[in-house]
>>> print(open('start17.cif').read())   # mmCIF, C-alpha atoms and all ligand atoms
data_data
loop_
_atom_site.label_atom_id
_atom_site.label_comp_id
_atom_site.auth_asym_id
_atom_site.auth_seq_id
_atom_site.Cartn_x
_atom_site.Cartn_y
_atom_site.Cartn_z
CA MET A 374 9.52 -15.40 21.18
CA VAL A 375 8.88 -12.68 18.62
CA ASP A 376 11.40 -9.89 19.10
CA PHE A 377 11.71 -7.16 16.49
CA ARG A 378 14.29 -5.06 18.35
CA LEU A 379 17.14 -3.97 16.09
CA SER A 380 20.87 -4.08 16.68
CA THR A 381 22.85 -0.85 16.29
CA ASN A 382 24.31 -2.20 13.04
CA ASP A 383 20.85 -2.91 11.57
CA THR A 384 19.49 0.44 12.73
CA GLU A 385 22.36 2.17 10.93
CA ILE A 386 21.80 0.19 7.71
CA LEU A 387 18.08 1.01 7.68
CA GLU A 388 18.76 4.66 8.38
CA GLN A 389 21.21 4.77 5.48
CA VAL A 390 18.70 3.08 3.15
CA ARG A 391 16.10 5.62 4.16
CA ARG A 392 18.46 8.57 3.68
CA GLU A 393 19.54 7.22 0.28
CA GLY A 394 15.90 6.92 -0.70
CA LEU A 395 15.27 10.51 0.32
CA ALA A 396 18.36 11.63 -1.62
CA VAL A 397 17.24 10.02 -4.90
CA ARG A 398 13.64 11.14 -4.41
CA LYS A 399 14.36 14.30 -6.42
CA HIS A 400 14.39 12.13 -9.58
CA ALA A 401 11.03 10.50 -8.86
CA ARG A 402 8.93 13.07 -10.74
CA TYR A 403 11.17 13.01 -13.81
CA PHE A 404 10.95 9.24 -14.27
CA ASP A 405 7.22 9.31 -13.50
CA ASP A 406 6.81 11.81 -16.35
CA HIS A 407 9.23 9.99 -18.69
CA GLU A 408 8.03 6.42 -18.46
CA GLU A 409 9.78 5.51 -21.69
CA GLU A 410 13.19 6.09 -20.05
CA LEU A 411 14.77 3.68 -17.58
CA PRO A 412 16.48 5.31 -14.58
CA PRO A 413 20.27 4.89 -14.79
CA GLU A 414 21.85 2.03 -12.85
CA LYS A 415 23.55 4.64 -10.67
CA LEU A 416 21.99 7.89 -9.59
CA PRO A 417 24.69 10.41 -8.60
CA GLU A 418 23.10 11.21 -5.21
CA ALA A 419 23.12 7.56 -4.20
CA ASP A 420 26.82 7.31 -5.02
CA SER A 421 27.72 9.64 -2.18
CA PHE A 422 26.67 6.88 0.26
CA PRO A 423 28.97 3.95 1.09
CA PRO A 424 28.02 0.78 -0.87
CA LEU A 425 25.34 -1.09 1.04
CA ASN A 426 25.09 -4.50 -0.57
CA GLU A 427 28.22 -5.79 1.06
CA ARG A 428 27.24 -4.40 4.42
CA VAL A 429 23.85 -6.11 4.17
CA MET A 430 25.50 -9.40 3.14
CA ARG A 431 28.05 -9.26 5.98
CA ARG A 432 25.55 -8.61 8.78
CA PRO A 433 26.54 -10.54 11.94
CA ALA A 434 24.52 -13.71 12.48
CA ASP A 435 23.02 -12.44 15.72
CA ASP A 436 21.51 -9.37 14.02
CA THR A 437 17.86 -9.36 12.87
CA PRO A 438 17.24 -12.58 10.89
CA ALA A 439 17.38 -12.32 7.08
CA ALA A 440 13.72 -12.45 6.03
CA THR A 441 12.55 -10.12 8.79
CA PHE A 442 15.33 -7.74 7.80
CA GLN A 443 14.22 -7.87 4.14
CA MET A 444 10.82 -6.55 5.25
CA LEU A 445 12.41 -3.67 7.13
CA LEU A 446 14.63 -2.90 4.13
CA GLY A 447 11.59 -2.76 1.82
CA MET A 448 9.81 -0.36 4.17
CA ALA A 449 12.86 1.88 4.57
CA ARG A 450 13.59 1.91 0.84
CA GLN A 451 10.07 2.91 -0.14
CA TRP A 452 9.78 5.44 2.67
CA GLY A 453 12.27 7.43 0.65
CA ASP A 454 10.55 6.58 -2.68
CA ALA A 455 13.65 4.71 -3.81
CA PHE A 456 11.72 1.86 -5.40
CA PRO A 457 11.76 1.71 -8.34
CA LEU A 458 14.42 4.40 -8.79
CA ARG A 459 17.09 2.17 -7.32
CA GLN A 460 16.67 -1.43 -8.35
CA PRO A 461 17.72 -3.98 -5.76
CA PRO A 462 20.30 -6.48 -7.05
CA VAL A 463 17.65 -9.22 -7.25
CA ALA A 464 14.16 -9.46 -8.76
CA LEU A 465 11.07 -11.64 -8.19
CA GLY A 466 12.48 -14.59 -10.14
CA ASN A 467 15.33 -14.82 -7.62
CA ALA A 468 12.77 -15.58 -4.92
CA ALA A 469 11.35 -18.30 -7.18
CA LEU A 470 14.84 -19.76 -7.61
CA GLN A 471 15.33 -19.83 -3.84
CA ALA A 472 11.89 -21.38 -3.25
CA ALA A 473 11.85 -24.02 -5.99
CA GLY A 474 15.40 -24.47 -7.39
CA THR A 475 17.71 -27.42 -6.76
CA PRO A 476 20.94 -26.68 -4.83
CA GLU A 477 22.84 -26.84 -8.14
CA GLN A 478 20.45 -24.37 -9.79
CA LYS A 479 20.71 -22.01 -6.82
CA THR A 480 24.48 -22.00 -7.23
CA ARG A 481 24.32 -21.63 -11.03
CA TRP A 482 21.90 -18.67 -11.11
CA GLY A 483 22.44 -17.33 -7.59
CA SER A 484 23.98 -14.09 -8.78
CA THR A 485 21.83 -13.67 -11.91
CA VAL A 486 19.01 -11.11 -11.84
CA LEU A 487 15.83 -13.01 -12.75
CA SER A 488 12.37 -11.56 -13.34
CA MET A 489 9.25 -13.71 -13.01
CA ALA A 490 6.66 -14.18 -15.77
CA ILE A 491 3.31 -15.68 -14.83
CA THR A 492 0.68 -13.25 -16.15
CA GLU A 493 -0.60 -13.62 -19.72
CA PRO A 494 -3.12 -11.70 -21.84
CA GLY A 495 -5.81 -14.23 -20.79
CA CYS A 496 -4.56 -15.18 -17.33
CA GLY A 497 -3.91 -13.15 -14.17
CA SER A 498 -5.37 -14.12 -10.81
CA ASP A 499 -6.37 -17.57 -12.05
CA SER A 500 -2.93 -19.00 -12.71
CA LYS A 501 -4.22 -22.41 -13.75
CA ALA A 502 -5.45 -20.72 -16.96
CA ILE A 503 -1.86 -20.37 -18.21
CA LYS A 504 -1.57 -21.04 -21.93
CA THR A 505 2.22 -20.85 -22.35
CA THR A 506 3.46 -24.35 -23.06
CA ALA A 507 6.72 -26.21 -22.52
CA ARG A 508 7.19 -29.35 -24.62
CA LEU A 509 10.04 -31.78 -24.16
CA ASP A 510 11.90 -32.40 -27.43
CA GLY A 511 14.98 -34.58 -26.99
CA ASP A 512 16.99 -32.92 -24.25
CA ASP A 513 15.40 -29.50 -24.72
CA TRP A 514 12.23 -27.82 -23.52
CA VAL A 515 10.51 -25.85 -26.27
CA ILE A 516 8.61 -22.85 -24.90
CA ASN A 517 5.79 -21.06 -26.72
CA GLY A 518 3.62 -18.26 -25.36
CA GLU A 519 3.23 -14.64 -24.37
CA LYS A 520 3.70 -12.96 -20.98
CA ILE A 521 2.70 -9.46 -19.92
CA PHE A 522 3.44 -7.11 -17.00
CA VAL A 523 6.77 -8.67 -16.08
CA THR A 524 8.54 -6.52 -13.47
CA THR A 525 12.23 -5.95 -14.31
CA GLY A 526 11.52 -7.72 -17.62
CA ILE A 527 13.86 -5.41 -19.52
CA ARG A 528 16.79 -5.17 -17.11
CA ALA A 529 16.87 -8.71 -15.76
CA GLN A 530 19.46 -11.07 -17.22
CA GLY A 531 16.93 -13.89 -17.35
CA VAL A 532 13.39 -14.81 -16.43
CA VAL A 533 11.57 -17.54 -14.53
CA VAL A 534 8.67 -18.45 -16.82
CA TRP A 535 5.58 -20.37 -15.74
CA ALA A 536 4.38 -22.78 -18.45
CA THR A 537 2.27 -25.88 -18.62
CA ILE A 538 3.74 -29.21 -19.64
CA ASP A 539 0.26 -30.82 -19.64
CA ALA A 540 -2.62 -28.42 -20.28
CA GLN A 541 -5.20 -31.12 -19.37
CA ARG A 542 -3.93 -31.34 -15.80
CA GLY A 543 -4.53 -27.72 -14.67
CA ARG A 544 -2.28 -26.60 -11.80
CA ALA A 545 -0.47 -29.96 -11.63
CA GLY A 546 0.91 -29.39 -15.14
CA ILE A 547 2.38 -25.96 -14.38
CA LYS A 548 6.16 -25.77 -13.98
CA SER A 549 8.67 -22.94 -13.91
CA PHE A 550 11.68 -22.62 -16.22
CA VAL A 551 14.72 -20.35 -16.35
CA VAL A 552 15.21 -18.69 -19.73
CA MET A 553 18.23 -16.43 -20.20
CA LYS A 554 18.24 -13.28 -22.31
CA GLY A 555 19.74 -13.93 -25.75
CA THR A 556 18.13 -17.37 -26.09
CA PRO A 557 16.78 -17.59 -29.69
CA GLY A 558 12.97 -17.27 -29.72
CA PHE A 559 12.84 -15.17 -26.51
CA GLU A 560 12.02 -11.50 -27.06
CA VAL A 561 11.09 -8.45 -24.99
CA THR A 562 8.22 -7.11 -27.09
CA ARG A 563 7.37 -3.85 -25.25
CA LYS A 564 7.60 -1.79 -22.09
CA GLU A 565 4.17 -1.57 -20.46
CA LYS A 566 2.63 1.88 -19.85
CA LYS A 567 1.14 2.16 -16.39
CA LEU A 568 -0.86 4.28 -13.93
CA GLY A 569 1.91 4.22 -11.31
CA ILE A 570 5.40 2.92 -10.45
CA ARG A 571 6.23 4.22 -13.90
CA ALA A 572 9.99 4.19 -13.32
CA SER A 573 9.77 0.43 -12.82
CA ASP A 574 10.52 -1.50 -15.96
CA THR A 575 7.51 -3.69 -16.65
CA ALA A 576 7.68 -5.63 -19.89
CA ALA A 577 5.79 -7.92 -22.23
CA LEU A 578 7.72 -11.01 -23.37
CA SER A 579 7.22 -13.54 -26.14
CA PHE A 580 8.52 -17.08 -26.56
CA THR A 581 8.44 -18.64 -30.04
CA ASP A 582 9.85 -22.17 -30.31
CA CYS A 583 12.32 -21.06 -27.66
CA ARG A 584 14.65 -23.96 -26.82
CA ILE A 585 16.22 -24.27 -23.39
CA PRO A 586 18.20 -27.16 -21.88
CA ARG A 587 16.23 -29.78 -19.95
CA ASP A 588 17.91 -28.87 -16.66
CA HIS A 589 16.42 -25.35 -16.79
CA LEU A 590 13.21 -26.73 -15.25
CA LEU A 591 13.26 -25.30 -11.71
CA GLY A 592 13.41 -28.09 -9.16
CA GLY A 593 13.89 -30.68 -11.92
CA ASP A 594 10.62 -32.57 -11.30
CA GLU A 595 9.12 -33.51 -14.69
CA THR A 596 6.26 -35.62 -13.32
CA VAL A 597 2.60 -34.62 -13.49
CA PRO A 598 0.61 -36.54 -10.85
CA ARG A 599 -2.92 -37.70 -11.70
CA GLN A 600 -4.18 -36.54 -8.26
CA GLY A 601 -3.56 -33.23 -6.50
CA SER A 602 -1.64 -30.19 -7.68
CA GLY A 603 1.81 -31.83 -7.83
CA GLY A 604 4.79 -29.49 -7.65
CA PHE A 605 2.55 -26.44 -7.97
CA ARG A 606 2.51 -25.95 -4.20
CA GLY A 607 6.32 -25.70 -4.31
CA VAL A 608 6.13 -23.12 -7.08
CA MET A 609 3.58 -21.13 -5.04
CA LYS A 610 6.08 -20.97 -2.16
CA THR A 611 7.76 -18.19 -4.13
CA PHE A 612 4.98 -15.92 -2.91
CA ASN A 613 5.65 -16.61 0.76
CA MET A 614 8.55 -14.17 0.63
CA THR A 615 7.56 -11.88 -2.24
CA ARG A 616 4.06 -11.08 -0.98
CA PRO A 617 5.13 -9.72 2.41
CA ALA A 618 8.02 -7.91 0.67
CA VAL A 619 5.51 -6.11 -1.58
CA GLY A 620 3.35 -5.46 1.52
CA ALA A 621 6.42 -3.83 3.11
CA ILE A 622 6.80 -1.54 0.08
CA GLY A 623 3.16 -0.52 0.65
CA VAL A 624 3.91 0.31 4.29
CA GLY A 625 6.86 2.49 3.20
CA LYS A 626 4.60 4.38 0.78
CA ALA A 627 2.02 4.94 3.54
CA ARG A 628 4.69 6.27 5.91
CA ALA A 629 6.11 8.62 3.26
CA SER A 630 2.58 9.99 2.71
CA LEU A 631 1.98 10.48 6.44
CA ASP A 632 5.31 12.33 6.84
CA PHE A 633 4.42 14.56 3.92
CA ALA A 634 0.96 15.37 5.32
CA GLU A 635 2.34 16.12 8.76
CA GLU A 636 5.05 18.42 7.39
CA ALA A 637 2.61 20.20 5.07
CA LEU A 638 0.22 20.82 7.96
CA GLU A 639 3.04 22.11 10.11
CA LYS A 640 3.99 24.61 7.39
CA GLU A 641 0.39 25.85 7.58
CA GLY A 642 0.72 26.25 11.34
CA VAL A 643 -1.23 23.09 12.21
CA LYS A 644 0.83 21.08 14.69
CA VAL A 645 -0.42 17.53 15.16
CA ASP A 646 -0.52 16.60 18.84
CA TRP A 647 -0.19 12.82 18.92
CA GLU A 648 -0.59 12.75 22.69
CA ARG A 649 -3.91 14.56 22.83
CA SER A 650 -6.72 12.48 24.35
CA ARG A 651 -9.02 10.97 21.78
CA TYR A 652 -11.94 13.02 23.12
CA ALA A 653 -10.09 16.28 22.40
CA ARG A 654 -8.55 15.44 18.99
CA SER A 655 -9.44 17.47 15.93
CA ALA A 656 -10.96 15.58 12.97
CA ILE A 657 -7.62 15.83 11.15
CA GLU A 658 -5.70 14.46 14.14
CA ALA A 659 -8.16 11.59 14.52
CA LYS A 660 -7.71 10.66 10.85
CA LEU A 661 -3.93 10.86 11.03
CA VAL A 662 -3.81 8.77 14.21
CA GLN A 663 -6.03 6.14 12.56
CA MET A 664 -3.80 6.02 9.47
CA GLN A 665 -0.62 5.78 11.58
CA ALA A 666 -2.20 2.87 13.45
CA ASP A 667 -3.18 1.16 10.17
CA ALA A 668 0.37 1.57 8.78
CA GLU A 669 1.86 0.20 12.01
CA ALA A 670 -0.51 -2.78 11.99
CA ALA A 671 0.36 -3.52 8.35
CA SER A 672 4.06 -3.26 9.19
CA LEU A 673 3.68 -5.85 11.96
CA THR A 674 1.94 -8.31 9.60
CA CYS A 675 4.93 -8.05 7.21
CA LEU A 676 7.41 -8.57 10.04
CA ARG A 677 5.45 -11.58 11.31
CA ALA A 678 5.46 -13.20 7.84
CA GLY A 679 9.22 -12.58 7.60
CA TRP A 680 9.82 -13.86 11.11
CA LEU A 681 7.95 -17.12 10.36
CA ALA A 682 10.08 -17.56 7.22
CA ASP A 683 13.20 -17.07 9.35
CA THR A 684 12.09 -19.71 11.84
CA GLY A 685 11.32 -22.13 8.98
CA GLU A 686 7.61 -22.24 9.78
CA GLU A 687 4.76 -22.29 7.27
CA ASN A 688 3.81 -18.67 6.46
CA ASN A 689 1.61 -18.75 3.37
CA VAL A 690 -1.48 -17.34 5.11
CA GLU A 691 0.58 -14.73 6.99
CA ALA A 692 2.24 -13.77 3.66
CA SER A 693 -1.23 -13.14 2.22
CA ILE A 694 -2.28 -11.17 5.30
CA ALA A 695 0.85 -9.01 4.97
CA LYS A 696 0.22 -8.42 1.25
CA ALA A 697 -3.48 -7.65 1.87
CA LYS A 698 -2.74 -5.17 4.69
CA GLY A 699 0.34 -3.58 3.06
CA GLY A 700 -1.54 -3.25 -0.24
CA GLU A 701 -4.48 -1.74 1.58
CA VAL A 702 -2.51 0.98 3.42
CA SER A 703 -0.60 1.81 0.24
CA ARG A 704 -4.01 2.74 -1.27
CA THR A 705 -5.91 4.16 1.67
CA VAL A 706 -3.21 6.23 3.41
CA PRO A 707 -2.12 8.38 0.41
CA GLN A 708 -5.84 8.77 -0.37
CA GLY A 709 -6.56 9.85 3.24
CA CYS A 710 -3.64 12.31 3.19
CA ILE A 711 -4.95 13.83 -0.06
CA GLU A 712 -8.35 14.22 1.59
CA ILE A 713 -6.72 16.16 4.44
CA LEU A 714 -4.58 18.39 2.20
CA GLY A 715 -7.07 19.03 -0.59
CA ALA A 716 -5.70 20.55 -3.80
CA MET A 717 -2.13 20.43 -2.50
CA GLY A 718 -2.42 16.66 -2.31
CA ALA A 719 -3.55 16.48 -5.91
CA SER A 720 -0.89 18.88 -7.23
CA ARG A 721 1.93 17.55 -9.39
CA GLU A 722 4.21 19.96 -7.54
CA HIS A 723 4.43 17.24 -4.90
CA LEU A 724 4.78 13.47 -4.90
CA LEU A 725 1.69 12.59 -2.87
CA GLU A 726 -0.52 12.20 -5.95
CA LYS A 727 2.17 9.91 -7.42
CA TRP A 728 2.19 7.76 -4.29
CA LEU A 729 -1.57 7.39 -4.62
CA ARG A 730 -1.09 6.04 -8.16
CA ASP A 731 1.88 3.88 -7.12
CA GLY A 732 -0.09 2.54 -4.16
CA ARG A 733 -3.05 1.52 -6.30
CA ILE A 734 -0.70 -0.78 -8.18
CA THR A 735 0.92 -2.17 -5.04
CA ASP A 736 -2.49 -3.64 -4.24
CA ILE A 737 -2.54 -5.45 -7.63
CA TYR A 738 0.79 -7.12 -8.32
CA GLU A 739 1.91 -10.29 -6.52
CA GLY A 740 -1.80 -11.15 -6.28
CA THR A 741 -4.57 -8.59 -5.81
CA GLY A 742 -6.00 -7.65 -2.41
CA GLN A 743 -9.19 -9.56 -3.28
CA ILE A 744 -7.23 -12.73 -4.02
CA GLN A 745 -5.27 -12.42 -0.75
CA ARG A 746 -8.55 -12.12 1.16
CA LEU A 747 -9.82 -15.25 -0.60
CA ILE A 748 -6.71 -17.16 0.47
CA ILE A 749 -7.10 -15.93 4.06
CA ALA A 750 -10.82 -16.83 4.11
CA ARG A 751 -10.07 -20.32 2.76
CA ALA A 752 -7.54 -20.85 5.54
CA ILE A 753 -9.89 -19.60 8.27
CA PHE A 754 -12.89 -21.64 7.14
CA GLY A 755 -10.99 -24.67 5.87
CA TYR A 756 -12.16 -24.43 2.24
CA SER A 757 -10.27 -25.63 -0.81
CA SER A 758 -9.78 -23.34 -3.84
CA GLU A 759 -12.50 -25.34 -5.63
CA GLU A 760 -14.95 -24.67 -2.77
CA LEU A 761 -14.11 -20.96 -2.42
CA GLY A 762 -12.67 -19.52 -5.61
C1 LIG B 1 3.00 -2.89 -12.15
C2 LIG B 1 2.69 -4.34 -12.27
C3 LIG B 1 3.71 -5.26 -12.13
C4 LIG B 1 3.45 -6.63 -12.30
N1 LIG B 1 4.49 -7.52 -12.23
C5 LIG B 1 4.27 -8.81 -12.54
C6 LIG B 1 5.36 -9.74 -12.62
O1 LIG B 1 6.51 -9.42 -12.36
N2 LIG B 1 5.09 -11.00 -13.03
C7 LIG B 1 3.82 -11.41 -13.34
O2 LIG B 1 3.66 -12.57 -13.73
N3 LIG B 1 2.77 -10.57 -13.24
C8 LIG B 1 2.95 -9.28 -12.85
N4 LIG B 1 1.90 -8.41 -12.80
C9 LIG B 1 0.56 -8.88 -13.08
C10 LIG B 1 -0.29 -9.03 -11.82
O3 LIG B 1 0.20 -10.07 -11.01
C11 LIG B 1 -1.75 -9.27 -12.26
O4 LIG B 1 -2.19 -8.05 -12.83
C12 LIG B 1 -2.63 -9.67 -11.11
O5 LIG B 1 -2.33 -10.98 -10.69
C13 LIG B 1 -4.12 -9.62 -11.48
O6 LIG B 1 -4.38 -10.28 -12.68
P1 LIG B 1 -5.24 -9.54 -13.83
O7 LIG B 1 -4.63 -8.20 -14.03
O8 LIG B 1 -5.32 -10.44 -14.99
O9 LIG B 1 -6.67 -9.33 -13.19
P2 LIG B 1 -7.84 -10.40 -13.09
O10 LIG B 1 -7.34 -11.68 -12.55
O11 LIG B 1 -8.56 -10.44 -14.40
O12 LIG B 1 -8.75 -9.72 -12.01
C14 LIG B 1 -9.53 -8.53 -12.28
C15 LIG B 1 -10.17 -8.10 -10.96
O13 LIG B 1 -11.04 -9.16 -10.49
C16 LIG B 1 -10.65 -9.55 -9.17
N5 LIG B 1 -10.82 -10.99 -9.05
C17 LIG B 1 -10.32 -11.94 -9.86
N6 LIG B 1 -10.67 -13.17 -9.44
C18 LIG B 1 -11.41 -12.99 -8.33
C19 LIG B 1 -12.07 -13.87 -7.42
N7 LIG B 1 -12.02 -15.19 -7.58
N8 LIG B 1 -12.75 -13.32 -6.39
C20 LIG B 1 -12.81 -11.99 -6.20
N9 LIG B 1 -12.20 -11.09 -7.03
C21 LIG B 1 -11.51 -11.60 -8.08
C22 LIG B 1 -9.20 -9.14 -9.03
O14 LIG B 1 -8.87 -8.93 -7.68
C23 LIG B 1 -9.17 -7.85 -9.84
O15 LIG B 1 -9.61 -6.80 -9.04
C24 LIG B 1 2.13 -7.06 -12.58
C25 LIG B 1 1.09 -6.13 -12.66
C26 LIG B 1 1.35 -4.78 -12.51
C27 LIG B 1 0.21 -3.81 -12.63
#
>>> encode(input="start17.cif", output="structure tokens", more="lines below")
Ligand SMILES: Cc1cc2nc3c(=O)[nH]c(=O)nc-3n(C[C@H](O)[C@H](O)[C@H](O)COP(=O)(O)OP(=O)(O)OC[C@H]3O[C@@H](n4cnc5c(N)ncnc54)[C@H](O)[C@@H]3O)c2cc1C
Amino acid sequence: MVDFRLSTNDTEILEQVRREGLAVRKHARYFDDHEEELPPEKLPEADSFPPLNERVMRRPADDTPAATFQMLLGMARQWGDAFPLRQPPVALGNAALQAAGTPEQKTRWGSTVLSMAITEPGCGSDSKAIKTTARLDGDDWVINGEKIFVTTGIRAQGVVVWATIDAQRGRAGIKSFVVMKGTPGFEVTRKEKKLGIRASDTAALSFTDCRIPRDHLLGGDETVPRQGSGGFRGVMKTFNMTRPAVGAIGVGKARASLDFAEEALEKEGVKVDWERSRYARSAIEAKLVQMQADAEAASLTCLRAGWLADTGEENNVEASIAKAKGGEVSRTVPQGCIEILGAMGASREHLLEKWLRDGRITDIYEGTGQIQRLIIARAIFGYSSEELG
């Protein structure tokens, strides 16, 4: 039975995450304006809170299960605007390691921060168009190619790189490899300049005859089957956790925007009455109620995707639903709040206009909203990616 009730311990952790987020929020404008600077590892305000990582790790087994809790953490963190001001101790490549790595690889790189590099100048949504190659030479893989828009690409200690070992075989030839910083031939070439989440380090990477040991192939399967997509499905499993996690960030952004709008209205003497019958609501109340409902619905899709992951059930469609809905509210709710507040919503005196820009991006990375809807449609109508692409 689905049960999202929280233990006292979990409620306290989430409340602390939210308060920490609110405490570091004062730096959000600075790092939005100074994209070239990376926020420090430790912001002084956050240091006044007891360290959380250990408390999260040591949660009793009967508390909210891990993946569901990750969703709640993402929502709470972003509610305070803490992402990307406070980087979590893992990045997207860590999810890839968990989804596709061998037990030995999980142990070896378990505490290494790994970013994930799929996107290339000529390849985004259509991942089978990847041009980066990995060629086996003796007991080394030799990687050549260019990657762009890699989240945490500067700070991470290593990266999970998608490359093809057989360009003729499309998806079946695509494998993922761990490349550590400092490996000759691997370079961070620039920090990307973006519309939003400008405090997040997003980098372009290049690989030139970059040699890595053979056992850096995630999962270790070197075969390329003549039929089907081979190990690609396994690689795609990475998204089953990361997509709902990004959806959860979108929910947090929507909630922050709604809080801001409600408080701003209250300062102007407009008290929102959530209980008022729908026939008597003002236009503003009706819009706010609708947006609250949308944010709540999106939140439940993220929790459901997490809950399925916790129970070990297939969740790839639910992960896409969560990403589609979370990405949607991260765009539409800040936009709706700006509509209500007018010029105040657009002013750089406040963060709402920033959340609108951040939210636009949340609907792009980890697969755009359009691509999620394609995946959902395929699942509903039983189409393959060749039939509906
Ligand atoms: C801030 C940020 C962080 C990122 N982090 C990472 C990262 O860590 N690692 C990484 O590898 N990548 C990352 N990306 C890249 C991101 O995943 C891609 O931008 C995304 O997958 C879309 O690819 P694209 O930009 O090439 O757009 P395209 O694929 O060229 O798409 C352009 C537009 O067409 C739409 N579209 C494309 N195909 C279809 C279709 N079949 N049907 C309908 N509509 C379609 C898309 O939805 C989009 O609106 C990041 C991007 C940003 C902005």
>>> residues_around(input="start17.cif", residues="Gln708 in chain A", least_positions_apart="6", cutoff="12 Å", atoms="all atoms listed in the file", output="PyMOL selection string")
chain A and resi 626-627+630-631+634+660-661+664+701-702+714-715+718-719+725-733
>>> residues_around(input="start17.cif", residues="Ala629 in chain A", least_positions_apart="2", cutoff="10 Å", atoms="all atoms listed in the file", output="PyMOL selection string")
chain A and resi 395+448-449+451-454+623-627+631-634+706-707+724-725+728
>>> residues_near_ligand(input="start17.cif", ligand="ligand LIG 1 (chain B)", cutoff="9 Å", atoms="all atoms listed in the file", output="NGL selection string")
:A and (464-466 or 488-500 or 520-526 or 534-535 or 565 or 567-571 or 573-576 or 731 or 733-747 or 761-762)
>>> write_last_selection(input="start17.cif", atoms="C-alpha atoms", output="CSV table (one decimal), keeping the file's coordinate frame")
chain,number,residue,atom,x,y,z
A,464,ALA,CA,14.2,-9.5,-8.8
A,465,LEU,CA,11.1,-11.6,-8.2
A,466,GLY,CA,12.5,-14.6,-10.1
A,488,SER,CA,12.4,-11.6,-13.3
A,489,MET,CA,9.2,-13.7,-13.0
A,490,ALA,CA,6.7,-14.2,-15.8
A,491,ILE,CA,3.3,-15.7,-14.8
A,492,THR,CA,0.7,-13.2,-16.2
A,493,GLU,CA,-0.6,-13.6,-19.7
A,494,PRO,CA,-3.1,-11.7,-21.8
A,495,GLY,CA,-5.8,-14.2,-20.8
A,496,CYS,CA,-4.6,-15.2,-17.3
A,497,GLY,CA,-3.9,-13.2,-14.2
A,498,SER,CA,-5.4,-14.1,-10.8
A,499,ASP,CA,-6.4,-17.6,-12.0
A,500,SER,CA,-2.9,-19.0,-12.7
A,520,LYS,CA,3.7,-13.0,-21.0
A,521,ILE,CA,2.7,-9.5,-19.9
A,522,PHE,CA,3.4,-7.1,-17.0
A,523,VAL,CA,6.8,-8.7,-16.1
A,524,THR,CA,8.5,-6.5,-13.5
A,525,THR,CA,12.2,-6.0,-14.3
A,526,GLY,CA,11.5,-7.7,-17.6
A,534,VAL,CA,8.7,-18.4,-16.8
A,535,TRP,CA,5.6,-20.4,-15.7
A,565,GLU,CA,4.2,-1.6,-20.5
A,567,LYS,CA,1.1,2.2,-16.4
A,568,LEU,CA,-0.9,4.3,-13.9
A,569,GLY,CA,1.9,4.2,-11.3
A,570,ILE,CA,5.4,2.9,-10.4
A,571,ARG,CA,6.2,4.2,-13.9
A,573,SER,CA,9.8,0.4,-12.8
A,574,ASP,CA,10.5,-1.5,-16.0
A,575,THR,CA,7.5,-3.7,-16.6
A,576,ALA,CA,7.7,-5.6,-19.9
A,731,ASP,CA,1.9,3.9,-7.1
A,733,ARG,CA,-3.0,1.5,-6.3
A,734,ILE,CA,-0.7,-0.8,-8.2
A,735,THR,CA,0.9,-2.2,-5.0
A,736,ASP,CA,-2.5,-3.6,-4.2
A,737,ILE,CA,-2.5,-5.4,-7.6
A,738,TYR,CA,0.8,-7.1,-8.3
A,739,GLU,CA,1.9,-10.3,-6.5
A,740,GLY,CA,-1.8,-11.2,-6.3
A,741,THR,CA,-4.6,-8.6,-5.8
A,742,GLY,CA,-6.0,-7.6,-2.4
A,743,GLN,CA,-9.2,-9.6,-3.3
A,744,ILE,CA,-7.2,-12.7,-4.0
A,745,GLN,CA,-5.3,-12.4,-0.8
A,746,ARG,CA,-8.6,-12.1,1.2
A,747,LEU,CA,-9.8,-15.2,-0.6
A,761,LEU,CA,-14.1,-21.0,-2.4
A,762,GLY,CA,-12.7,-19.5,-5.6
>>> residues_around(input="start17.cif", residues="Val533 in chain A", least_positions_apart="4", cutoff="10 Å", atoms="only C-alpha atoms", output="PyMOL selection string")
chain A and resi 465-470+487-491+548-553+589-591
>>> residues_around(input="start17.cif", residues="range 536-540 of chain A", least_positions_apart="5", cutoff="8 Å", atoms="all atoms listed in the file", output="PyMOL selection string")
chain A and resi 503-508+516+546-550+597
>>> atom_distance(input="start17.cif", atom1="CA of Glu408 in chain A", atom2="CA of Lys566 in chain A")
7.2 Å
>>> atom_distance(input="start17.cif", atom1="CA of Ala502 in chain A", atom2="CA of Ala577 in chain A")
17.8 Å
>>> residues_around(input="start17.cif", residues="Ala621 in chain A", least_positions_apart="6", cutoff="7 Å", atoms="all atoms listed in the file", output="list in words")
Met444, Gly447, Met448, Ser672, Cys675 and Gly699 of chain A
>>> decode(input="start17.cif", residues="range 723-735 of chain A", atoms="C-alpha atoms", output="short mmCIF file (atom, residue, chain, number, x, y, z; two decimals), in the first residue's frame")
data_model
loop_
_atom_site.label_atom_id
_atom_site.label_comp_id
_atom_site.auth_asym_id
_atom_site.auth_seq_id
_atom_site.Cartn_x
_atom_site.Cartn_y
_atom_site.Cartn_z
CA HIS A 723 13.17 39.56 -5.77
CA LEU A 724 13.95 35.99 -6.78
CA LEU A 725 10.70 35.15 -8.56
CA GLU A 726 12.02 36.21 -11.97
CA LYS A 727 15.08 34.02 -11.32
CA TRP A 728 12.90 31.03 -10.50
CA LEU A 729 11.10 31.53 -13.80
CA ARG A 730 14.45 31.32 -15.62
CA ASP A 731 15.62 28.38 -13.46
CA GLY A 732 12.32 26.60 -14.05
CA ARG A 733 12.55 26.92 -17.81
CA ILE A 734 15.76 24.92 -17.64
CA THR A 735 14.34 22.31 -15.27
#
